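Take a look at the structure set out below.
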Amino acid sequence: MSTLTATPRTPESAPATRARPAYRVTGRRVLAAEWAKLWSLRSTWITLGLGLLFLIAFGVIAASHYKSNVGSGRHLDRDFATATAASLSLFGTNFAQLALGVLGVLVTAGEYSTGMIRSTLAAVPRRLPVLWSKAAVYGLVALVVATAGAFVAFLVGSGIVSGTPAAMGLGHAGVVRSLLGAGLYLGLVCVIGTALGALLRSVAGGISVLVGALMLVPGLVSLLPTSWQGDINPYLPSHAGESIFALTHDSTALSPFAGLLVFLGWTALALAGAAYRLVRSDV
C-alpha cells in the first residue's frame, strides 16, 4: 500500500501574494471625494446656473428699470430713490441665495435620501471630516460663482445707469468691498444649507427651514411691537447678511464687520447642530 506524503512548501515554492496598498483617510482625500461627488450631480449644475442667472439677470433688470424711470422723468419708488449702481446690481442676491442654499441642502440631505451616506461614512468612520469637507467644498464653489456673478452684474449694470445719479465705478469707495461681501454672504448661505441638510436629513425639511429663516422670519418679526423690532431685526440672518454687502448703512443696521460676525455666528450654530447629530445619531 502506497503512502502519499505531503511535501511542505518552502517560502520559495509558495505563490507570491500581491501586497495590497495601504490606504489612509486624509483630509485631502476626503476633500477630493466630495469635490468629485459635487460635480457628478446634475443638481449642482442646475442650482449653480440658476444662482448665477438670478444674480445677473435681476441686477440687469433692476438697473434697466431705474434707467427707464429716470429717463422718462417718472417718480421713483422709495427703494429706487436712493439706489446706486452697486445696490441695483445686487438686487438679485435675495433670489440667488435660495438657489445656492438649496444646493447646500441637496448635497447633504440628498445622500440620506439615497442611502449613499452609509457608504460615505463607512469610508470615513470619524464622520466629522465629511461634514467639514462638504461645507468647505460647496461653500467655496458658491463663493467663487457668486463673486463672479456679482462683478459681472455690476459691470453690466453700471454701464446701463451711466449718466444717472446712480452711476459709479469700481473705483468708488466701498464698491469692491460690497461685491466681495455679496459673494461671501452667498457662500456662507450655501454652508448653512449644507449644515441644515445634515442636521434635518431631509431635503424638504432643510429647504423649508432655510427659506423660513431667510425670508419668513423677518416678516414675522415685523408683527412685533416697534420697540422690539429695532433690537431683533439687525441680528436676524438675512439682515445681518445684508449688512455685509450693503454700500450704505443707517443707524438701525449693523456695520459690515459686525454683520459678518453675526452671520458667522449663525453659520457656526448650524454647523454645530449638524456635527452633534452626525456624531450622536445613527445613519
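Each chain of the C-alpha cells is named A, B, ... in the order shown, its residues numbered from 1; ligands are numbered from 1 in display order.
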Surrounding residues of Phe154 in chain A excluding itself and chain neighbours under 5 positions, 7 Å, only C-alpha atoms, as an NGL selection string: :A and (85-86 or 89)
Output file for the selection above: all heavy atoms, as a short mmCIF file (atom, residue, chain, number, x, y, z; two decimals), in the first residue's frame:
data_model
loop_
_atom_site.label_atom_id
_atom_site.label_comp_id
_atom_site.auth_asym_id
_atom_site.auth_seq_id
_atom_site.Cartn_x
_atom_site.Cartn_y
_atom_site.Cartn_z
N ALA A 85 -25.48 102.14 -8.39
CA ALA A 85 -25.18 101.06 -9.32
C ALA A 85 -24.88 99.76 -8.58
O ALA A 85 -25.23 98.67 -9.03
CB ALA A 85 -24.00 101.46 -10.20
N ALA A 86 -24.26 99.88 -7.40
CA ALA A 86 -23.94 98.68 -6.63
C ALA A 86 -25.20 98.02 -6.08
O ALA A 86 -25.37 96.81 -6.18
CB ALA A 86 -22.99 99.04 -5.49
N SER A 89 -27.22 96.43 -8.90
CA SER A 89 -26.59 95.23 -9.44
C SER A 89 -26.76 94.03 -8.52
O SER A 89 -26.80 92.89 -8.99
CB SER A 89 -25.11 95.49 -9.69
OG SER A 89 -24.92 96.55 -10.61
#
Pick out the residues sitting within 9 Å of Arg201 in chain A, and hand them over as a ChimeraX atom specification; count only C-alpha atoms, and ignore anything fewer than 6 positions along from it in its own chain. /A:105,108-113
Quick one: write out the picked residues with N, CA, C and O atoms as a tab-separated table (two decimals), in the first residue's frame?
chain	number	residue	atom	x	y	z
A	105	VAL	N	-28.34	72.19	0.80
A	105	VAL	CA	-29.22	71.18	1.39
A	105	VAL	C	-29.17	69.88	0.59
A	105	VAL	O	-29.11	68.78	1.16
A	108	THR	N	-26.13	67.32	1.08
A	108	THR	CA	-26.05	66.52	2.31
A	108	THR	C	-27.32	65.70	2.52
A	108	THR	O	-27.25	64.48	2.66
A	109	ALA	N	-28.48	66.34	2.52
A	109	ALA	CA	-29.72	65.60	2.72
A	109	ALA	C	-29.97	64.63	1.59
A	109	ALA	O	-30.59	63.57	1.79
A	110	GLY	N	-29.49	64.94	0.38
A	110	GLY	CA	-29.67	64.03	-0.74
A	110	GLY	C	-28.99	62.69	-0.52
A	110	GLY	O	-29.49	61.65	-0.96
A	111	GLU	N	-27.86	62.69	0.18
A	111	GLU	CA	-27.17	61.42	0.47
A	111	GLU	C	-27.97	60.57	1.45
A	111	GLU	O	-27.93	59.33	1.39
A	112	TYR	N	-28.69	61.21	2.36
A	112	TYR	CA	-29.52	60.44	3.28
A	112	TYR	C	-30.72	59.85	2.57
A	112	TYR	O	-31.16	58.74	2.86
A	113	SER	N	-31.29	60.58	1.61
A	113	SER	CA	-32.46	60.08	0.91
A	113	SER	C	-32.11	58.92	-0.02
A	113	SER	O	-32.94	58.03	-0.25
Considering only C-alpha atoms, return as number ranges by chain whatever protein or nucleic-acid residues lie within 8 Å of Pro256 in chain A, sequence-local ones (same chain, fewer than 6 positions apart) excluded. A: 243-246
Tell me, which residues of range 180-283 of chain A carry DSSP alpha helix (DSSP H), written as a PyMOL selection string? chain A and resi 180-200+203-211+217-221+226-232+237-245+256-280
Taking 6 positions as the minimum chain separation for residues in the same chain, which residues sit within 12 Å of Val217 in chain A when counting only C-alpha atoms? Answer as a ChimeraX atom specification. /A:208-211,223-224,229,232-233,235-239
Write to file, as a PDB file, in the first residue's frame, the residues of the selection just made, with C-alpha atoms.
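Listing of out.pdb after writing:
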ATOM      1  CA  SER A 208     -38.231  74.783   4.400  1.00  0.00           C
ATOM      2  CA  VAL A 209     -36.103  75.844   7.366  1.00  0.00           C
ATOM      3  CA  LEU A 210     -33.686  77.712   5.085  1.00  0.00           C
ATOM      4  CA  VAL A 211     -36.447  79.659   3.344  1.00  0.00           C
ATOM      5  CA  LEU A 223     -45.569  91.999  13.512  1.00  0.00           C
ATOM      6  CA  LEU A 224     -43.881  92.550  16.879  1.00  0.00           C
ATOM      7  CA  GLN A 229     -38.077  95.230  16.128  1.00  0.00           C
ATOM      8  CA  ILE A 232     -34.139  91.972  16.927  1.00  0.00           C
ATOM      9  CA  ASN A 233     -34.010  92.892  13.237  1.00  0.00           C
ATOM     10  CA  TYR A 235     -29.364  90.216  14.265  1.00  0.00           C
ATOM     11  CA  LEU A 236     -31.606  88.148  12.012  1.00  0.00           C
ATOM     12  CA  PRO A 237     -29.625  86.070   9.499  1.00  0.00           C
ATOM     13  CA  SER A 238     -30.973  87.895   6.450  1.00  0.00           C
ATOM     14  CA  HIS A 239     -30.473  91.407   7.871  1.00  0.00           C
TER      15      HIS A 239
END
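Restricting the calculation to only C-alpha atoms, the smallest distance between Val70 in chain A and any of A:Leu155, A:Val145, A:Ile160, A:Ala195 is found for A:Ile160.
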Applying 8 Å and only C-alpha atoms, which residues near range 134-137 of chain A remain after dropping the ones on its own chain fewer than 3 positions away? List them as a PyMOL selection string. chain A and resi 31+34-35+107-108+130-131+140-141+190-191+194-195
Would you write out those residues with N, CA and C atoms, as a PDB file, in the first residue's frame?
ATOM      1  N   LEU A  31     -11.632  65.674   0.892  1.00  0.00           N
ATOM      2  CA  LEU A  31     -11.978  66.836   0.073  1.00  0.00           C
ATOM      3  C   LEU A  31     -12.091  66.455  -1.402  1.00  0.00           C
ATOM      4  N   GLU A  34     -15.358  64.597  -2.010  1.00  0.00           N
ATOM      5  CA  GLU A  34     -16.524  65.493  -2.029  1.00  0.00           C
ATOM      6  C   GLU A  34     -16.540  66.347  -3.292  1.00  0.00           C
ATOM      7  N   TRP A  35     -15.366  66.739  -3.751  1.00  0.00           N
ATOM      8  CA  TRP A  35     -15.282  67.503  -4.999  1.00  0.00           C
ATOM      9  C   TRP A  35     -15.807  66.671  -6.169  1.00  0.00           C
ATOM     10  N   VAL A 107     -26.809  68.540  -1.271  1.00  0.00           N
ATOM     11  CA  VAL A 107     -25.589  67.739  -1.273  1.00  0.00           C
ATOM     12  C   VAL A 107     -25.427  66.938   0.018  1.00  0.00           C
ATOM     13  N   THR A 108     -26.129  67.318   1.079  1.00  0.00           N
ATOM     14  CA  THR A 108     -26.053  66.523   2.308  1.00  0.00           C
ATOM     15  C   THR A 108     -27.316  65.699   2.518  1.00  0.00           C
ATOM     16  N   VAL A 130     -16.218  64.452   7.040  1.00  0.00           N
ATOM     17  CA  VAL A 130     -17.159  64.500   5.914  1.00  0.00           C
ATOM     18  C   VAL A 130     -17.927  65.812   5.930  1.00  0.00           C
ATOM     19  N   LEU A 131     -18.428  66.201   7.102  1.00  0.00           N
ATOM     20  CA  LEU A 131     -19.192  67.445   7.212  1.00  0.00           C
ATOM     21  C   LEU A 131     -18.318  68.646   6.901  1.00  0.00           C
ATOM     22  N   LEU A 140     -17.003  77.029  -0.886  1.00  0.00           N
ATOM     23  CA  LEU A 140     -16.011  77.685  -1.736  1.00  0.00           C
ATOM     24  C   LEU A 140     -16.498  77.807  -3.177  1.00  0.00           C
ATOM     25  N   VAL A 141     -17.130  76.760  -3.684  1.00  0.00           N
ATOM     26  CA  VAL A 141     -17.666  76.826  -5.047  1.00  0.00           C
ATOM     27  C   VAL A 141     -18.730  77.914  -5.152  1.00  0.00           C
ATOM     28  N   CYS A 190     -24.726  78.919   1.429  1.00  0.00           N
ATOM     29  CA  CYS A 190     -24.569  77.538   0.967  1.00  0.00           C
ATOM     30  C   CYS A 190     -24.062  76.649   2.094  1.00  0.00           C
ATOM     31  N   VAL A 191     -23.154  77.165   2.920  1.00  0.00           N
ATOM     32  CA  VAL A 191     -22.660  76.397   4.059  1.00  0.00           C
ATOM     33  C   VAL A 191     -23.787  76.123   5.054  1.00  0.00           C
ATOM     34  N   THR A 194     -25.880  73.410   3.730  1.00  0.00           N
ATOM     35  CA  THR A 194     -25.204  72.124   3.932  1.00  0.00           C
ATOM     36  C   THR A 194     -25.415  71.615   5.356  1.00  0.00           C
ATOM     37  N   ALA A 195     -25.274  72.512   6.321  1.00  0.00           N
ATOM     38  CA  ALA A 195     -25.466  72.133   7.723  1.00  0.00           C
ATOM     39  C   ALA A 195     -26.910  71.730   7.999  1.00  0.00           C
TER      40      ALA A 195
END
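Summary of the local environment: counting only C-alpha atoms, residues at most 8 Å from Ala153 in chain A, other than itself and those fewer than 5 positions away along its chain, are Leu55, Ile56, Ala57, Gly59, Val60, Ser89 and Leu90 of chain A.
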Write out the residues from the selection above, keeping all heavy atoms, as a compact mmCIF listing (two decimals), in the first residue's frame.
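Here's the written file again.txt:
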# COMPACT_ATOMS: atom_id res chain seq x y z
N LEU A 55 -28.66 86.19 -10.09
CA LEU A 55 -27.83 87.30 -9.64
C LEU A 55 -27.60 88.32 -10.76
O LEU A 55 -27.71 89.54 -10.54
CB LEU A 55 -26.49 86.75 -9.13
CG LEU A 55 -25.59 87.71 -8.35
CD1 LEU A 55 -26.31 88.29 -7.15
CD2 LEU A 55 -24.33 86.99 -7.91
N ILE A 56 -27.32 87.82 -11.95
CA ILE A 56 -27.03 88.73 -13.06
C ILE A 56 -28.31 89.29 -13.66
O ILE A 56 -28.43 90.50 -13.90
CB ILE A 56 -26.20 88.00 -14.13
CG1 ILE A 56 -24.84 87.58 -13.55
CG2 ILE A 56 -26.01 88.88 -15.36
CD1 ILE A 56 -24.00 86.76 -14.51
N ALA A 57 -29.29 88.42 -13.93
CA ALA A 57 -30.50 88.85 -14.63
C ALA A 57 -31.28 89.88 -13.82
O ALA A 57 -31.69 90.92 -14.35
CB ALA A 57 -31.38 87.64 -14.94
N GLY A 59 -30.18 91.78 -11.45
CA GLY A 59 -29.40 93.01 -11.35
C GLY A 59 -29.54 93.86 -12.60
O GLY A 59 -29.69 95.09 -12.51
N VAL A 60 -29.49 93.22 -13.76
CA VAL A 60 -29.64 93.96 -15.02
C VAL A 60 -31.06 94.51 -15.15
O VAL A 60 -31.26 95.65 -15.60
CB VAL A 60 -29.30 93.04 -16.21
CG1 VAL A 60 -29.65 93.71 -17.54
CG2 VAL A 60 -27.82 92.65 -16.17
N SER A 89 -27.22 96.43 -8.90
CA SER A 89 -26.59 95.23 -9.44
C SER A 89 -26.76 94.03 -8.52
O SER A 89 -26.80 92.89 -8.99
CB SER A 89 -25.11 95.49 -9.69
OG SER A 89 -24.92 96.55 -10.61
N LEU A 90 -26.85 94.28 -7.22
CA LEU A 90 -27.00 93.20 -6.25
C LEU A 90 -28.46 92.94 -5.89
O LEU A 90 -28.74 92.27 -4.90
CB LEU A 90 -26.20 93.53 -4.98
CG LEU A 90 -24.69 93.66 -5.19
CD1 LEU A 90 -24.00 94.02 -3.89
CD2 LEU A 90 -24.11 92.38 -5.77
Name the residues in contact with range 183-187 of chain A at a cut-off of 7 Å, using only C-alpha atoms, excluding same-chain residues fewer than 6 positions from it; report them as a ChimeraX atom specification. /A:97,139-140,142-143,146-147,150,241
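Minimum distance to Pro129 in chain A across A:Thr26, A:Thr267, A:Ser43, A:Thr248 (counting only C-alpha atoms) occurs at A:Thr26.
For the residues A:Gly259, A:Gly197, A:Gly265, A:Gly212, ranking by smallest atom-to-atom distance to Pro234 in chain A using only C-alpha atoms places A:Gly259 first.
Comparing the minimum interatomic distances between Ala274 in chain A and each of A:Phe151, A:Val189, A:Leu200, A:Ile46, counting only C-alpha atoms, we find that A:Leu200 sits nearest.
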